[in-house]
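Source file: final_1.txt. Holds: compact mmCIF, C-alpha atoms.
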```txt
# COMPACT_ATOMS: atom_id res chain seq x y z
CA MET A 1428 -12.83 18.07 -20.85
CA LEU A 1429 -9.65 16.12 -21.47
CA PRO A 1430 -8.30 16.52 -17.91
CA LEU A 1431 -11.57 15.17 -16.49
CA PHE A 1432 -11.36 12.17 -18.77
CA SER A 1433 -7.77 11.56 -17.72
CA PHE A 1434 -8.71 11.75 -14.05
CA ALA A 1435 -11.60 9.36 -14.60
CA SER A 1436 -9.23 6.90 -16.26
CA ASP A 1437 -6.73 7.23 -13.42
CA GLN A 1438 -9.52 6.68 -10.91
CA ALA A 1439 -10.72 3.55 -12.73
CA ALA A 1440 -7.17 2.16 -12.77
CA GLY A 1441 -6.84 2.88 -9.06
CA ASP A 1442 -10.12 1.09 -8.38
CA ALA A 1443 -8.94 -1.94 -10.37
CA VAL A 1444 -5.71 -2.11 -8.37
CA MET A 1445 -7.63 -1.88 -5.10
CA THR A 1446 -9.85 -4.76 -6.25
CA VAL A 1447 -6.74 -6.90 -6.74
CA ASP A 1448 -5.46 -5.91 -3.31
CA VAL A 1449 -8.77 -6.84 -1.68
CA ARG A 1450 -8.66 -10.27 -3.34
CA PHE A 1451 -5.12 -10.98 -2.10
CA ASP A 1452 -5.43 -9.31 1.31
CA LYS A 1453 -4.57 -11.72 4.13
CA THR A 1454 -4.94 -9.38 7.11
CA GLY A 1455 -8.39 -7.88 6.51
CA ASP A 1456 -7.39 -4.27 5.89
CA GLY A 1457 -8.12 -4.33 2.16
CA ILE A 1458 -4.57 -3.65 0.99
CA VAL A 1459 -1.52 -5.80 0.33
CA ASP A 1460 1.55 -4.90 2.36
CA ALA A 1461 4.51 -6.74 3.88
CA SER A 1462 2.37 -8.61 6.39
CA ASP A 1463 0.15 -9.97 3.61
CA TRP A 1464 3.12 -10.70 1.36
CA SER A 1465 4.76 -12.87 4.00
CA LYS A 1466 1.59 -14.97 4.25
CA MET A 1467 1.33 -15.59 0.49
CA THR A 1468 2.67 -18.69 -1.18
CA ALA A 1469 5.12 -18.21 -4.05
CA ASP A 1470 2.28 -19.02 -6.46
CA GLU A 1471 0.04 -16.39 -4.85
CA GLN A 1472 2.84 -13.83 -5.09
CA GLN A 1473 3.24 -14.54 -8.79
CA LEU A 1474 -0.49 -14.33 -9.39
CA TYR A 1475 -0.73 -11.10 -7.38
CA ALA A 1476 2.02 -9.51 -9.50
CA ARG A 1477 0.37 -10.69 -12.71
CA GLU A 1478 -3.11 -9.52 -11.72
CA SER A 1479 -1.76 -6.17 -10.50
CA VAL A 1480 -0.09 -5.50 -13.85
CA LYS A 1481 -3.28 -6.50 -15.70
CA SER A 1482 -5.38 -4.22 -13.48
CA LEU A 1483 -3.26 -1.29 -14.64
CA GLY A 1484 -4.22 -2.07 -18.23
CA GLU A 1485 -0.82 -3.49 -19.11
CA ASP A 1486 0.03 -6.85 -20.65
CA PRO A 1487 1.86 -8.89 -18.00
CA ASP A 1488 3.45 -11.12 -20.66
CA VAL A 1489 5.20 -8.38 -22.64
CA LEU A 1490 8.94 -9.00 -22.61
CA LEU A 1491 11.04 -6.14 -21.32
CA LEU A 1492 14.71 -5.79 -20.48
CA GLN A 1493 16.79 -8.93 -20.08
CA GLY A 1494 13.97 -11.05 -21.55
CA LYS A 1495 11.80 -10.75 -18.45
CA SER A 1496 8.09 -10.19 -18.67
CA ARG A 1497 6.44 -7.15 -17.17
CA ALA A 1498 4.90 -9.41 -14.48
CA GLN A 1499 8.31 -10.94 -13.67
CA GLN A 1500 9.91 -7.53 -13.27
CA TYR A 1501 7.06 -6.36 -11.06
CA LEU A 1502 7.33 -9.53 -8.96
CA GLU A 1503 11.07 -8.92 -8.50
CA GLY A 1504 10.32 -5.36 -7.42
CA LEU A 1505 7.74 -6.54 -4.90
CA ARG A 1506 10.16 -9.10 -3.51
CA SER A 1507 12.90 -6.48 -3.13
CA VAL A 1508 10.52 -4.33 -1.08
CA TYR A 1509 8.76 -6.99 0.98
CA GLU A 1510 11.49 -9.57 1.64
```
What does this structure look like when you write it as structure tokens?
Amino acid sequence: MLPLFSFASDQAAGDAVMTVDVRFDKTGDGIVDASDWSKMTADEQQLYARESVKSLGEDPDVLLLQGKSRAQQYLEGLRSVYE
């Protein structure tokens, strides 16, 4: 029973992430990729990173290495991939 529960939790987290992507999608395909990222304002990029972290069930304001929040580190990762 435990593996089924784990899969259900993983599925719910995946659904939450997809909901965030749909909200921030700029090209109509339902996902956020480089073409969407380039059309977002800096504020939208920050909000996307924050909402993505929250959708995974994590606290975006938790401070991690070098005094950066989880959302800030995720935003930096997104920028390194998409810019």
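When only C-alpha atoms are used to compute distances to Trp1464 (chain A), the closest of the residues A:Gln1493, A:Ser1507, A:Gln1500, A:Thr1446 turns out to be A:Ser1507.
Counting from CA of Gln1499 (chain A), the distance to CA of Tyr1475 (chain A) is 11.0 Å.
Interatomic distance, CA of Ala1461 (chain A) to CA of Asp1486 (chain A): 24.9 Å.
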If you take every atom of region 1493-1498 of chain A that the file lists and fit an axis-aligned box around them with 4 Å extra on each side, what centre and edge lengths come out in Å to one decimal, as JSON?
```
{"center_x": 10.8, "center_y": -9.1, "center_z": -18.0, "size_x": 19.9, "size_y": 11.9, "size_z": 15.1}
```
Report task. May I ask which of the residues A:Gly1494, A:Leu1505, A:Asp1488, A:Gly1455 is the closest one to Gln1472 (chain A), counting all atoms listed in the file? Result -> A:Leu1505
Would you kindly place N, CA, C and O atoms on region 1487-1509 of chain A and return the model as a PDB file, in the frame of the given file?
```pdb
ATOM      1  N   PRO A1487       0.830  -8.347 -18.882  1.00  0.00           N
ATOM      2  CA  PRO A1487       1.860  -8.890 -18.000  1.00  0.00           C
ATOM      3  C   PRO A1487       2.875  -9.781 -18.716  1.00  0.00           C
ATOM      4  O   PRO A1487       3.949 -10.048 -18.173  1.00  0.00           O
ATOM      5  N   ASP A1488       2.567 -10.207 -19.938  1.00  0.00           N
ATOM      6  CA  ASP A1488       3.450 -11.120 -20.660  1.00  0.00           C
ATOM      7  C   ASP A1488       4.412 -10.430 -21.625  1.00  0.00           C
ATOM      8  O   ASP A1488       5.250 -11.090 -22.237  1.00  0.00           O
ATOM      9  N   VAL A1489       4.301  -9.115 -21.758  1.00  0.00           N
ATOM     10  CA  VAL A1489       5.200  -8.380 -22.640  1.00  0.00           C
ATOM     11  C   VAL A1489       6.622  -8.521 -22.118  1.00  0.00           C
ATOM     12  O   VAL A1489       6.874  -8.345 -20.928  1.00  0.00           O
ATOM     13  N   LEU A1490       7.538  -8.863 -23.023  1.00  0.00           N
ATOM     14  CA  LEU A1490       8.940  -9.000 -22.610  1.00  0.00           C
ATOM     15  C   LEU A1490       9.610  -7.645 -22.587  1.00  0.00           C
ATOM     16  O   LEU A1490       9.504  -6.865 -23.516  1.00  0.00           O
ATOM     17  N   LEU A1491      10.326  -7.392 -21.506  1.00  0.00           N
ATOM     18  CA  LEU A1491      11.040  -6.140 -21.320  1.00  0.00           C
ATOM     19  C   LEU A1491      12.533  -6.418 -21.294  1.00  0.00           C
ATOM     20  O   LEU A1491      12.994  -7.373 -21.908  1.00  0.00           O
ATOM     21  N   LEU A1492      13.260  -5.633 -20.554  1.00  0.00           N
ATOM     22  CA  LEU A1492      14.710  -5.790 -20.480  1.00  0.00           C
ATOM     23  C   LEU A1492      15.107  -7.170 -19.984  1.00  0.00           C
ATOM     24  O   LEU A1492      14.420  -7.766 -19.163  1.00  0.00           O
ATOM     25  N   GLN A1493      16.216  -7.648 -20.489  1.00  0.00           N
ATOM     26  CA  GLN A1493      16.790  -8.930 -20.080  1.00  0.00           C
ATOM     27  C   GLN A1493      15.845 -10.102 -20.300  1.00  0.00           C
ATOM     28  O   GLN A1493      15.938 -11.125 -19.620  1.00  0.00           O
ATOM     29  N   GLY A1494      14.879  -9.961 -21.217  1.00  0.00           N
ATOM     30  CA  GLY A1494      13.970 -11.050 -21.550  1.00  0.00           C
ATOM     31  C   GLY A1494      12.966 -11.397 -20.480  1.00  0.00           C
ATOM     32  O   GLY A1494      12.380 -12.465 -20.509  1.00  0.00           O
ATOM     33  N   LYS A1495      12.770 -10.505 -19.522  1.00  0.00           N
ATOM     34  CA  LYS A1495      11.800 -10.750 -18.450  1.00  0.00           C
ATOM     35  C   LYS A1495      10.470 -10.109 -18.818  1.00  0.00           C
ATOM     36  O   LYS A1495      10.436  -9.030 -19.406  1.00  0.00           O
ATOM     37  N   SER A1496       9.412 -10.763 -18.416  1.00  0.00           N
ATOM     38  CA  SER A1496       8.090 -10.190 -18.670  1.00  0.00           C
ATOM     39  C   SER A1496       7.825  -9.048 -17.698  1.00  0.00           C
ATOM     40  O   SER A1496       8.484  -8.918 -16.654  1.00  0.00           O
ATOM     41  N   ARG A1497       6.842  -8.246 -18.044  1.00  0.00           N
ATOM     42  CA  ARG A1497       6.440  -7.150 -17.170  1.00  0.00           C
ATOM     43  C   ARG A1497       6.032  -7.687 -15.789  1.00  0.00           C
ATOM     44  O   ARG A1497       6.387  -7.128 -14.763  1.00  0.00           O
ATOM     45  N   ALA A1498       5.308  -8.805 -15.754  1.00  0.00           N
ATOM     46  CA  ALA A1498       4.900  -9.410 -14.480  1.00  0.00           C
ATOM     47  C   ALA A1498       6.108  -9.889 -13.687  1.00  0.00           C
ATOM     48  O   ALA A1498       6.161  -9.722 -12.466  1.00  0.00           O
ATOM     49  N   GLN A1499       7.104 -10.478 -14.369  1.00  0.00           N
ATOM     50  CA  GLN A1499       8.310 -10.940 -13.670  1.00  0.00           C
ATOM     51  C   GLN A1499       9.072  -9.776 -13.055  1.00  0.00           C
ATOM     52  O   GLN A1499       9.537  -9.867 -11.914  1.00  0.00           O
ATOM     53  N   GLN A1500       9.189  -8.686 -13.803  1.00  0.00           N
ATOM     54  CA  GLN A1500       9.910  -7.530 -13.270  1.00  0.00           C
ATOM     55  C   GLN A1500       9.158  -6.930 -12.084  1.00  0.00           C
ATOM     56  O   GLN A1500       9.768  -6.536 -11.101  1.00  0.00           O
ATOM     57  N   TYR A1501       7.838  -6.893 -12.171  1.00  0.00           N
ATOM     58  CA  TYR A1501       7.060  -6.360 -11.060  1.00  0.00           C
ATOM     59  C   TYR A1501       7.195  -7.261  -9.828  1.00  0.00           C
ATOM     60  O   TYR A1501       7.366  -6.782  -8.714  1.00  0.00           O
ATOM     61  N   LEU A1502       7.159  -8.574 -10.059  1.00  0.00           N
ATOM     62  CA  LEU A1502       7.330  -9.530  -8.960  1.00  0.00           C
ATOM     63  C   LEU A1502       8.690  -9.338  -8.290  1.00  0.00           C
ATOM     64  O   LEU A1502       8.782  -9.323  -7.064  1.00  0.00           O
ATOM     65  N   GLU A1503       9.734  -9.154  -9.075  1.00  0.00           N
ATOM     66  CA  GLU A1503      11.070  -8.920  -8.500  1.00  0.00           C
ATOM     67  C   GLU A1503      11.076  -7.642  -7.682  1.00  0.00           C
ATOM     68  O   GLU A1503      11.686  -7.587  -6.609  1.00  0.00           O
ATOM     69  N   GLY A1504      10.399  -6.613  -8.165  1.00  0.00           N
ATOM     70  CA  GLY A1504      10.320  -5.360  -7.420  1.00  0.00           C
ATOM     71  C   GLY A1504       9.586  -5.546  -6.097  1.00  0.00           C
ATOM     72  O   GLY A1504      10.026  -5.031  -5.058  1.00  0.00           O
ATOM     73  N   LEU A1505       8.491  -6.274  -6.130  1.00  0.00           N
ATOM     74  CA  LEU A1505       7.740  -6.540  -4.900  1.00  0.00           C
ATOM     75  C   LEU A1505       8.601  -7.313  -3.905  1.00  0.00           C
ATOM     76  O   LEU A1505       8.624  -7.007  -2.713  1.00  0.00           O
ATOM     77  N   ARG A1506       9.310  -8.308  -4.407  1.00  0.00           N
ATOM     78  CA  ARG A1506      10.160  -9.100  -3.510  1.00  0.00           C
ATOM     79  C   ARG A1506      11.267  -8.246  -2.902  1.00  0.00           C
ATOM     80  O   ARG A1506      11.611  -8.415  -1.736  1.00  0.00           O
ATOM     81  N   SER A1507      11.827  -7.321  -3.678  1.00  0.00           N
ATOM     82  CA  SER A1507      12.900  -6.480  -3.130  1.00  0.00           C
ATOM     83  C   SER A1507      12.377  -5.549  -2.034  1.00  0.00           C
ATOM     84  O   SER A1507      13.107  -5.187  -1.123  1.00  0.00           O
ATOM     85  N   VAL A1508      11.107  -5.200  -2.096  1.00  0.00           N
ATOM     86  CA  VAL A1508      10.520  -4.330  -1.080  1.00  0.00           C
ATOM     87  C   VAL A1508      10.053  -5.125   0.131  1.00  0.00           C
ATOM     88  O   VAL A1508      10.278  -4.710   1.276  1.00  0.00           O
ATOM     89  N   TYR A1509       9.419  -6.275  -0.094  1.00  0.00           N
ATOM     90  CA  TYR A1509       8.760  -6.990   0.980  1.00  0.00           C
ATOM     91  C   TYR A1509       9.584  -8.087   1.645  1.00  0.00           C
ATOM     92  O   TYR A1509       9.206  -8.612   2.680  1.00  0.00           O
TER      93      TYR A1509
END
```
